[in-house]
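**Student:** As input, take start.cif (mmCIF, C-alpha atoms):
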```
data_final
loop_
_atom_site.label_atom_id
_atom_site.label_comp_id
_atom_site.auth_asym_id
_atom_site.auth_seq_id
_atom_site.Cartn_x
_atom_site.Cartn_y
_atom_site.Cartn_z
CA MET A 1 150.16 84.29 137.15
CA THR A 2 152.80 81.78 138.18
CA PRO A 3 154.99 80.82 135.22
CA LEU A 4 155.34 77.14 134.34
CA ALA A 5 158.67 75.33 134.04
CA PRO A 6 159.27 74.02 130.49
CA HIS A 7 158.48 70.42 131.46
CA GLU A 8 155.33 71.50 133.35
CA LYS A 9 154.00 73.07 130.18
CA ILE A 10 153.83 69.69 128.47
CA TYR A 11 153.28 67.34 131.41
CA VAL A 12 150.12 65.23 131.04
CA ASP A 13 148.35 63.90 134.11
CA SER A 14 147.87 60.15 133.77
CA GLU A 15 144.35 60.79 135.04
CA PHE A 16 143.67 62.11 131.54
CA ALA A 17 143.32 58.51 130.37
CA GLU A 18 140.35 58.21 132.70
CA ASP A 19 138.50 61.04 130.96
CA GLU A 20 135.69 58.98 129.48
CA ASN A 21 135.52 61.16 126.39
CA HIS A 22 138.86 62.72 125.53
CA GLY A 23 140.92 60.07 127.31
CA GLU A 24 139.69 57.33 125.05
CA MET A 25 141.16 58.96 121.98
CA GLY A 26 144.71 58.41 120.89
CA CYS A 27 146.94 61.48 121.21
CA GLU A 28 147.68 61.32 117.48
CA GLU A 29 143.99 61.62 116.61
CA CYS A 30 144.16 65.30 117.45
CA HIS A 31 147.85 66.12 117.51
CA GLY A 32 149.23 63.93 114.75
CA GLY A 33 152.74 62.50 115.15
CA ASP A 34 153.67 58.84 115.55
CA PRO A 35 152.76 57.23 118.89
CA ASN A 36 154.59 54.01 117.98
CA GLU A 37 157.93 55.72 117.43
CA PRO A 38 160.21 55.48 120.50
CA ASP A 39 162.53 58.31 119.35
CA TRP A 40 160.80 61.46 120.57
CA LYS A 41 162.22 63.62 117.80
CA LYS A 42 160.91 61.34 115.06
CA ALA A 43 157.65 60.81 116.95
CA HIS A 44 157.00 64.56 116.87
CA ILE A 45 157.27 64.94 113.10
CA GLY A 46 153.99 66.44 111.99
CA VAL A 47 152.76 67.13 115.52
CA VAL A 48 150.28 69.99 115.83
CA LYS A 49 150.56 71.80 119.14
CA ASP A 50 147.06 73.29 119.10
CA PRO A 51 144.84 71.15 116.89
CA SER A 52 141.90 73.47 117.49
CA TYR A 53 143.49 76.46 115.74
CA PRO A 54 142.82 77.85 113.22
CA ASP A 55 140.04 75.39 112.39
CA PRO A 56 138.60 73.11 115.10
CA THR A 57 136.05 71.45 112.81
CA ASP A 58 137.78 68.07 112.56
CA THR A 59 139.02 67.95 116.15
CA CYS A 60 136.76 69.58 118.74
CA GLY A 61 134.02 69.92 116.14
CA ALA A 62 133.90 66.17 115.52
CA CYS A 63 131.95 65.85 118.78
CA HIS A 64 131.11 69.43 119.76
CA GLU A 65 129.62 70.22 116.37
CA ASP A 66 127.03 72.64 117.72
CA ILE A 67 129.75 74.77 119.33
CA ALA A 68 132.47 74.53 116.73
CA GLU A 69 130.21 75.31 113.76
CA HIS A 70 130.31 79.02 114.61
CA TYR A 71 133.99 79.19 115.50
CA LYS A 72 134.69 81.73 112.78
CA SER A 73 132.41 84.23 114.48
CA SER A 74 133.99 83.85 117.91
CA LEU A 75 135.68 87.19 118.47
CA HIS A 76 138.37 85.48 120.53
CA ILE A 77 139.38 83.45 117.50
CA SER A 78 138.70 85.86 114.65
CA LEU A 79 139.55 89.18 116.34
CA ALA A 80 137.35 90.51 113.54
CA PRO A 81 136.70 93.91 115.14
CA PHE A 82 140.44 94.65 114.94
CA LYS A 83 140.33 94.22 111.20
CA LYS A 84 137.17 96.28 110.87
CA ILE A 85 138.44 99.27 112.85
CA ILE A 86 141.87 99.22 111.22
CA ASP A 87 140.32 98.88 107.78
CA ALA A 88 138.07 101.86 108.52
CA ARG A 89 141.12 103.98 109.27
CA ALA A 90 143.49 102.50 106.70
CA SER A 91 144.60 104.06 103.46
CA GLU A 92 142.51 103.23 100.41
CA ASP A 93 145.66 102.89 98.32
CA PRO A 94 145.86 99.10 97.75
CA ALA A 95 149.66 99.00 98.04
CA VAL A 96 149.60 100.86 101.34
CA TYR A 97 146.61 98.91 102.63
CA GLU A 98 148.39 95.62 101.94
CA LYS A 99 151.24 96.65 104.23
CA VAL A 100 148.89 97.83 106.95
CA ASP A 101 147.00 94.57 106.79
CA ALA A 102 150.22 92.55 107.00
CA ALA A 103 151.28 94.57 110.06
CA ARG A 104 147.87 94.04 111.62
CA GLN A 105 148.14 90.31 111.15
CA ALA A 106 151.68 90.22 112.49
CA HIS A 107 150.99 92.31 115.58
CA CYS A 108 147.36 93.04 116.42
CA THR A 109 145.90 89.61 115.77
CA ALA A 110 148.74 87.65 117.36
CA CYS A 111 146.80 87.52 120.63
CA HIS A 112 143.98 85.27 119.48
CA SER A 113 142.59 82.32 121.36
CA SER A 114 141.11 78.96 120.32
CA CYS A 115 139.10 76.11 121.84
CA GLY A 116 142.31 74.57 123.13
CA GLN A 117 143.83 77.81 124.34
CA CYS A 118 140.92 78.31 126.72
CA HIS A 119 139.98 74.77 127.73
CA VAL A 120 143.28 72.86 127.59
CA SER A 121 146.21 75.26 127.75
CA ARG A 122 147.11 78.79 128.61
CA PRO A 123 146.91 81.02 125.53
CA GLU A 124 149.99 81.06 123.30
CA ALA A 125 150.08 84.84 123.64
CA VAL A 126 151.21 84.28 127.22
CA GLU A 127 153.61 81.46 126.29
CA GLY A 128 151.14 78.62 126.61
CA GLY A 129 151.53 75.61 128.89
CA LEU A 130 148.92 72.99 129.70
CA LEU A 131 146.20 73.81 132.21
CA GLU A 132 145.88 71.11 134.86
CA SER A 133 148.18 68.84 132.86
CA HIS A 134 145.85 68.44 129.87
CA LEU A 135 142.72 67.70 131.91
CA PHE A 136 140.05 69.54 129.93
CA GLN A 137 138.59 72.53 131.78
CA ARG A 138 134.88 73.05 131.20
CA ARG A 139 135.17 76.62 132.46
CA PRO A 140 138.43 78.32 131.48
CA PRO A 141 140.23 79.29 134.68
CA MET A 142 140.19 83.03 135.24
CA HIS A 143 143.80 83.72 136.23
CA THR A 144 145.58 81.46 133.79
CA VAL A 145 143.34 82.09 130.81
CA CYS A 146 141.09 85.18 130.92
CA THR A 147 143.24 87.66 132.79
CA ALA A 148 146.44 86.12 131.45
CA CYS A 149 145.57 88.10 128.30
CA HIS A 150 143.20 90.74 129.66
CA GLY A 151 145.71 91.74 132.29
CA SER A 152 146.71 95.35 132.01
CA ARG A 153 143.23 96.83 132.07
CA ILE A 154 140.53 94.33 133.03
CA GLU A 155 142.44 92.31 135.62
CA LYS A 156 143.82 95.38 137.36
CA GLU A 157 140.42 97.00 137.46
CA TYR A 158 138.56 93.91 138.56
CA MET A 159 141.04 92.78 141.17
CA GLY A 160 141.57 96.28 142.59
CA LYS A 161 145.22 96.45 141.53
CA ASN A 162 145.09 100.08 140.47
CA LYS A 163 146.30 102.22 143.32
CA GLY A 164 143.47 103.68 145.35
CA ILE A 165 140.71 101.95 143.39
CA PRO A 166 138.90 99.10 145.17
CA PRO A 167 138.15 95.77 143.46
CA ASP A 168 134.96 95.45 141.45
CA VAL A 169 131.94 94.78 143.63
CA HIS A 170 131.36 91.53 141.72
CA LYS A 171 134.87 90.36 142.58
CA LYS A 172 133.96 90.80 146.23
CA LYS A 173 131.08 88.40 145.53
CA TYR A 174 133.63 85.92 144.10
CA PHE A 175 132.35 86.18 140.53
CA LYS A 176 134.64 84.64 137.94
CA CYS A 177 134.67 86.03 134.40
CA SER A 178 132.48 83.20 133.16
CA LYS A 179 129.68 84.17 135.54
CA CYS A 180 128.83 87.07 133.22
CA HIS A 181 130.73 86.16 130.05
CA THR A 182 129.03 82.91 129.19
CA ALA A 183 130.04 80.23 126.71
CA ASP A 184 127.33 81.45 124.34
CA GLU A 185 129.05 84.81 124.14
CA MET A 186 132.54 83.35 123.81
CA HIS A 187 131.81 80.68 121.23
CA GLY A 188 130.21 82.92 118.61
CA ASP A 189 126.77 82.51 117.10
CA GLY A 190 127.46 82.85 113.39
CA ASN A 191 126.91 86.59 113.26
CA ASP A 192 129.70 88.84 112.03
CA TYR A 193 129.64 91.46 114.78
CA ALA A 194 131.38 94.81 114.36
CA ASN A 195 132.41 94.87 118.00
CA ARG A 196 131.89 93.01 121.25
CA TYR A 197 129.13 95.34 122.40
CA GLU A 198 126.90 94.10 119.60
CA VAL A 199 127.22 90.42 120.52
CA GLU A 200 123.74 89.11 121.21
CA ASN A 201 124.80 87.00 124.17
CA ALA A 202 127.08 89.61 125.72
CA PRO A 203 126.32 90.31 129.38
CA LYS A 204 123.96 93.09 130.33
CA CYS A 205 123.75 94.48 133.86
CA LEU A 206 119.97 94.12 133.69
CA ASP A 207 120.30 90.36 133.22
CA CYS A 208 120.78 90.20 136.99
CA HIS A 209 119.69 93.63 138.17
CA GLU A 210 116.29 93.42 136.52
CA THR A 211 114.40 94.96 139.44
CA ILE A 212 116.15 98.35 139.59
CA TYR A 213 113.22 100.09 137.90
CA ALA A 214 110.55 98.47 140.07
CA GLU A 215 108.45 100.85 142.14
CA ASP A 216 109.65 99.48 145.43
CA ALA A 217 113.30 99.24 144.41
CA GLU A 218 115.96 101.16 146.28
CA ASN A 219 117.09 104.19 144.23
CA GLN A 220 114.25 103.48 141.79
CA GLU A 221 113.81 107.22 141.20
CA GLN A 222 117.43 107.77 140.14
CA HIS A 223 117.38 104.70 137.92
CA GLN A 224 114.14 105.76 136.24
CA GLN A 225 115.39 109.31 135.70
CA HIS A 226 118.56 108.17 133.99
CA LYS A 227 117.14 105.16 132.16
CA ASP A 228 118.37 104.99 128.54
CA ARG A 229 120.22 108.25 129.03
CA LEU A 230 123.36 106.96 130.73
CA SER A 231 125.13 103.64 130.64
CA CYS A 232 125.31 101.92 134.03
CA GLN A 233 129.07 102.55 134.15
CA VAL A 234 128.62 106.32 134.06
CA CYS A 235 127.29 106.17 137.61
CA HIS A 236 128.92 102.97 138.86
CA ALA A 237 132.46 102.76 137.42
CA MET A 238 135.61 104.14 138.98
CA PRO A 239 138.61 105.69 137.17
CA TYR A 240 140.19 103.25 134.71
CA LYS A 241 143.24 102.94 132.54
CA ASN A 242 143.67 104.76 129.24
CA CYS A 243 146.55 104.07 126.87
CA THR A 244 148.03 106.17 124.10
CA SER A 245 150.07 105.92 120.97
CA CYS A 246 150.95 102.32 120.20
CA HIS A 247 153.63 101.86 117.55
CA VAL A 248 154.59 98.45 116.21
CA GLY A 249 157.69 97.30 114.37
CA LYS A 250 160.55 94.84 114.25
CA ASP A 251 163.93 95.22 115.93
CA LYS A 252 167.36 94.54 114.40
CA GLN A 253 166.97 90.83 115.04
CA GLY A 254 163.62 90.80 113.29
CA LEU A 255 161.67 90.40 116.52
CA LYS A 256 158.31 92.07 116.80
CA TYR A 257 157.87 94.83 119.33
CA PHE A 258 155.31 97.41 120.37
CA LYS A 259 155.77 100.68 122.17
CA THR A 260 153.03 102.58 123.91
CA GLN A 261 153.34 105.94 125.56
CA GLY A 262 152.42 106.11 129.22
CA SER A 263 148.98 105.08 130.37
CA THR A 264 146.86 107.26 132.61
CA MET A 265 144.09 106.62 135.10
CA ASP A 266 141.09 108.67 134.15
CA PHE A 267 137.30 108.69 134.11
CA LYS A 268 135.60 110.33 131.15
CA ILE A 269 131.96 110.49 130.20
CA GLY A 270 131.40 111.14 126.51
CA LEU A 271 128.76 110.90 123.83
CA ASN A 272 127.88 107.34 122.91
CA PRO A 273 129.76 106.43 119.72
CA LEU A 274 127.68 103.26 119.28
CA GLN A 275 124.22 104.65 119.93
CA SER A 276 121.60 102.18 118.76
CA GLU A 277 118.29 100.65 119.76
CA ARG A 278 120.26 98.18 121.82
CA ARG A 279 122.40 100.89 123.43
CA PRO A 280 120.28 104.04 123.36
CA GLU A 281 122.19 105.92 126.07
CA LYS A 282 123.40 109.39 125.19
CA TYR A 283 126.30 109.31 127.65
CA VAL A 284 128.73 106.45 128.21
CA THR A 285 132.16 106.00 129.74
CA LEU A 286 134.95 106.31 127.17
CA ARG A 287 138.40 104.76 127.25
CA HIS A 288 141.31 106.01 125.16
CA VAL A 289 142.74 103.27 122.95
CA PRO A 290 146.39 103.41 121.94
CA VAL A 291 145.91 103.88 118.20
CA ASP A 292 147.88 106.69 116.55
CA PRO A 293 148.16 107.96 112.96
CA ASP A 294 151.72 106.55 112.94
CA SER A 295 150.97 103.19 114.60
CA PHE A 296 152.17 101.34 111.48
CA LYS A 297 154.81 103.84 110.37
CA PHE A 298 157.53 101.20 110.65
CA TYR A 299 155.84 99.32 107.79
CA VAL A 300 154.40 102.11 105.69
CA GLU A 301 154.02 105.89 105.66
CA ASN A 302 150.51 107.24 106.13
CA GLY A 303 149.09 103.76 106.60
CA LEU A 304 146.16 105.06 108.61
CA ALA A 305 145.32 107.78 106.11
CA ARG A 306 141.69 107.85 107.27
CA PHE A 307 142.61 108.07 110.93
CA ASP A 308 139.78 110.49 111.71
CA ALA A 309 137.12 107.99 110.60
CA LEU A 310 136.75 106.65 114.15
CA PRO A 311 137.20 108.16 117.60
CA THR A 312 140.23 107.21 119.67
CA TRP A 313 138.03 107.47 122.77
CA LYS A 314 135.99 104.26 122.61
CA MET A 315 132.95 103.04 124.47
CA ALA A 316 134.17 101.30 127.60
CA THR A 317 132.73 99.07 130.26
CA PRO A 318 135.29 99.38 133.06
CA HIS A 319 135.44 96.35 135.32
CA ASN A 320 135.69 98.23 138.60
CA ILE A 321 132.00 98.65 139.37
CA GLN A 322 131.01 100.05 142.76
CA ARG A 323 127.60 100.64 144.20
CA LYS A 324 128.71 104.03 145.53
CA THR A 325 131.13 106.13 143.50
CA PRO A 326 132.32 109.73 143.75
CA GLN A 327 130.10 110.76 140.82
CA ASN A 328 126.90 109.23 142.23
CA ALA A 329 127.37 110.56 145.77
CA SER A 330 124.82 113.29 145.04
CA CYS A 331 123.12 114.84 142.01
CA ASN A 332 125.63 117.65 141.79
CA ALA A 333 128.59 115.35 142.17
CA CYS A 334 127.97 114.76 138.47
CA HIS A 335 125.62 117.50 137.27
CA GLY A 336 127.71 120.54 136.47
CA GLU A 337 130.93 118.65 137.19
CA ALA A 338 132.62 119.31 133.84
CA SER A 339 135.84 117.51 134.82
CA LEU A 340 134.02 114.16 134.53
CA PHE A 341 133.17 114.78 130.90
CA LEU A 342 135.35 114.45 127.82
CA LEU A 343 135.70 118.07 126.78
CA GLU A 344 137.63 119.40 123.81
CA LYS A 345 140.49 120.44 126.09
CA ASP A 346 140.91 116.83 127.24
CA VAL A 347 141.71 115.58 123.76
CA VAL A 348 145.22 115.68 122.28
CA PRO A 349 145.12 118.19 119.38
CA LYS A 350 146.13 115.66 116.73
CA TYR A 351 143.22 113.41 117.79
CA LEU A 352 140.61 116.20 117.88
CA ASN A 353 139.02 115.58 114.50
CA ALA A 354 138.74 111.87 115.18
CA ASN A 355 136.85 112.51 118.39
CA ARG A 356 134.37 115.23 117.35
CA THR A 357 131.46 112.81 117.65
CA VAL A 358 132.19 111.83 121.25
CA ILE A 359 133.41 115.11 122.76
CA VAL A 360 130.90 116.71 125.09
CA ALA A 361 130.31 120.40 124.33
CA LYS A 362 130.28 122.64 127.39
CA ASP A 363 126.55 123.24 127.04
CA GLN A 364 125.97 119.48 126.96
CA VAL A 365 127.30 119.01 130.47
CA PRO A 366 124.16 118.56 132.55
CA ALA A 367 123.49 121.67 134.60
CA LYS A 368 123.57 121.62 138.37
CA VAL A 369 120.23 120.85 139.94
CA ALA A 370 118.54 122.51 142.87
CA GLN A 371 118.64 120.19 145.86
CA MET B 1 145.29 25.97 157.88
CA GLU B 2 148.58 27.84 158.17
CA ARG B 3 148.15 29.12 154.61
CA ILE B 4 144.72 30.50 155.45
CA GLN B 5 146.09 32.24 158.53
CA LEU B 6 148.97 33.69 156.47
CA PHE B 7 146.54 34.94 153.82
CA ARG B 8 144.35 36.49 156.53
CA ALA B 9 147.39 38.30 157.90
CA ILE B 10 148.84 39.72 154.69
CA GLY B 11 145.69 39.90 152.57
CA PRO B 12 144.51 43.30 153.84
CA VAL B 13 148.03 44.72 153.45
CA ILE B 14 148.15 43.61 149.81
CA ALA B 15 144.67 45.03 149.19
CA VAL B 16 145.65 48.41 150.65
CA CYS B 17 148.86 48.45 148.59
CA LEU B 18 146.93 47.68 145.41
CA LEU B 19 144.42 50.38 146.18
CA PHE B 20 146.94 53.14 146.86
CA PHE B 21 149.97 52.32 144.78
CA SER B 22 148.70 50.80 141.59
CA GLN B 23 147.56 52.90 138.62
CA PRO B 24 144.14 52.28 137.23
CA VAL B 25 144.03 49.61 134.56
CA ILE B 26 143.01 52.18 131.98
CA VAL B 27 146.14 54.27 132.66
CA GLN B 28 148.38 51.23 132.37
CA ALA B 29 146.72 50.39 129.09
CA ALA B 30 147.26 53.90 127.75
CA GLU B 31 150.93 53.86 128.74
CA GLY B 32 151.44 50.49 127.12
CA GLU B 33 149.77 51.55 123.92
CA ASN B 34 151.74 54.61 122.96
CA HIS B 35 154.94 56.46 123.57
CA CYS B 36 153.23 59.88 123.69
CA PHE B 37 151.42 58.98 126.87
CA SER B 38 154.27 57.16 128.57
CA CYS B 39 156.64 60.05 127.94
CA HIS B 40 154.33 62.98 128.63
CA THR B 41 153.24 61.48 131.96
CA ASN B 42 156.84 61.03 133.06
CA PRO B 43 158.24 64.25 134.58
CA ARG B 44 161.79 62.89 134.66
CA LYS B 45 161.79 62.22 130.91
CA LEU B 46 160.21 65.57 130.20
CA ILE B 47 162.81 67.43 132.24
CA GLN B 48 165.54 65.62 130.33
CA ILE B 49 163.99 66.43 126.95
CA THR B 50 163.19 70.06 127.74
CA ARG B 51 166.79 70.51 128.91
CA GLU B 52 167.96 69.11 125.58
CA LEU B 53 165.63 71.48 123.79
CA SER B 54 166.72 74.50 125.78
CA LYS B 55 170.34 73.78 124.82
CA LEU B 56 169.30 73.76 121.17
CA ASP B 57 167.37 76.99 121.66
CA LYS B 58 170.18 78.68 123.56
CA ASN B 59 171.07 81.05 120.74
CA LYS B 60 167.49 81.62 119.73
CA PRO B 61 166.46 85.22 120.47
CA GLY B 62 163.55 85.62 122.88
CA ALA B 63 161.17 88.56 122.94
CA SER B 64 162.26 91.93 121.61
CA LYS B 65 163.84 94.20 124.19
CA GLU B 66 162.41 97.20 122.40
CA THR B 67 158.87 96.50 123.64
CA LYS B 68 157.80 99.26 125.99
CA GLY B 69 154.58 100.05 127.79
CA GLU B 70 151.46 98.07 128.47
CA GLY B 71 149.91 95.84 125.85
#
```
Please express the file's structure as structure tokens.

**Tutor:**
Amino acid sequence: MTPLAPHEKIYVDSEFAEDENHGEMGCEECHGGDPNEPDWKKAHIGVVKDPSYPDPTDTCGACHEDIAEHYKSSLHISLAPFKKIIDARASEDPAVYEKVDAARQAHCTACHSSCGQCHVSRPEAVEGGLLESHLFQRRPPMHTVCTACHGSRIEKEYMGKNKGIPPDVHKKKYFKCSKCHTADEMHGDGNDYANRYEVENAPKCLDCHETIYAEDAENQEQHQQHKDRLSCQVCHAMPYKNCTSCHVGKDKQGLKYFKTQGSTMDFKIGLNPLQSERRPEKYVTLRHVPVDPDSFKFYVENGLARFDALPTWKMATPHNIQRKTPQNASCNACHGEASLFLLEKDVVPKYLNANRTVIVAKDQVPAKVAQ
Amino acid sequence: MERIQLFRAIGPVIAVCLLFFSQPVIVQAAEGENHCFSCHTNPRKLIQITRELSKLDKNKPGASKETKGEG
């Protein structure tokens, strides 16, 4: 992503005045400040950089009421799953929990978005700057918004930036993020979801590939055999990035930092940690997330006292989908191929207890089949 | 008669100039109405102001150098 010069970040295209909706409003109606004051310093007293965060009700919501009414349930704004998973692992001691929660708010939820930080500017987490000089973008641009934040894993997978791994097949078809991740998914629907996989309007492969089980469909037999047993990614994803051991803190100047240990490219099939009617598959691809018992040690000892409450290998939907992959080249490219599965030996000893529910026992690796 | 000929000669030139070099009325109105718009649509002013600001922020620490790894 090309960085913007400081003046480019705040440059407004005069064409904005021709926007028949937003252009007819005075700047101060959303941003505050004094438009009649010629001294720019005085004019900026009370100016709000992003009037849509944290609450867009009186700005965007004044016209886009139907969208803004559910803003609290937009995961991009609330980052609610972060709180839920950290709370599940956090100490039950109120004094300790308070420090963990403060650290979470300082570090983990700093990368939120907002109406404005998708449709008007680059997200603040990547130093902001107006998109197209304040001309409102109906669809947030992929490179300056979506992958500006989702860069280290999703962008590299999707764009084929991981060495030796080709771009996602959908990228080759010129799909932008918004092709699958629609506004209905992004904007929230009022439900307090535990994670993004539960979101009602989240994309499903079958939304487009609805004919894979039809009698005359190519590979219909394989799809029928594995239906509801494997997630699509088990057969169609390539190796993806896994991160370990994130620690957060503040340096001597009081600036926030994070440190993660090296990341590795891997492909691991494990037991579905979120098995439900909606996601009945027994096997799914798992990605290691960088949580560690000492992630918040800088702030408090034993902050994640219930670390083992959740696995550190999480359900994953890698964005490097291929029609043909090494594991679907033949039946026995996967069946009996224990190295594809998350076995006990693949898990760092201190994370073993946390991952008991997703580790595949040796006798659970599907046996080789006669061909 | 001469005036008509003169108008015929320079009229199209004026029309083309108006078409390509003038800002739409709505933009002119917006600029006239408030200082936010007139300043934020003027790159020269913005460069000047952001330079002033960067001088003020000179001693402000940026991101921590202790950050390591992928976020």

**Student:** Pick out the residues sitting within 10 Å of Lys250 in chain A, and hand them over as a list in words; count only C-alpha atoms, and ignore anything fewer than 6 positions along from it in its own chain.

**Tutor:**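 My reading of the contact set: His107, Lys256, Tyr257, Phe258, Phe298 and Tyr299 of chain A; Ser64, Glu66 and Thr67 of chain B.
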
**Student:** From the options B:Pro61, B:Ser54, B:Ser38, B:Gly71, which residue's atoms come nearest to Cys108 in chain A, counting all atoms listed in the file?

**Tutor:**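 Of the candidates, the smallest distance to Cys108 in chain A is held by B:Gly71.
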
**Student:** Specify as a VMD selection string each residue included when the PyMOL selection byres ((chain A) within 6 of (chain B)) is applied to this file.

**Tutor:** chain A and resid 7 11 to 14 17 35 to 36 255 257 to 260

**Student:** Which distance in Å separates CA of Thr285 in chain A and CA of Ala361 in chain A, to one decimal?

**Tutor:** 15.5 Å

**Student:** Using all atoms listed in the file, find the one residue out of A:Cys243, A:Ile212, A:Val47, A:Ile86 that sits nearest to Asp308 in chain A.

**Tutor:**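 Smallest distance to Asp308 in chain A is found for A:Ile86.
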
**Student:** List the spatial neighbours of range 177-194 of chain A as a ChimeraX atom specification - criterion: any atom at most 7 Å away, only C-alpha atoms, same-chain residues fewer than 5 positions off excluded.

**Tutor:** /A:67,70-71,73-75,81,84,142,199,201-203

**Student:** If you measure from CA of Lys173 in chain A to CA of Asn242 in chain A, what distance in Å do you get, rounded to one decimal?

**Tutor:**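 Between these atoms lies a distance of 26.3 Å.
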
**Student:** Report, in Å to a single decimal, how far apart CA of Gln261 in chain A and CA of Ala110 in chain A are.

**Tutor:**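 Computed distance, CA of Ala110 in chain A to CA of Gln261 in chain A, equals 20.6 Å.
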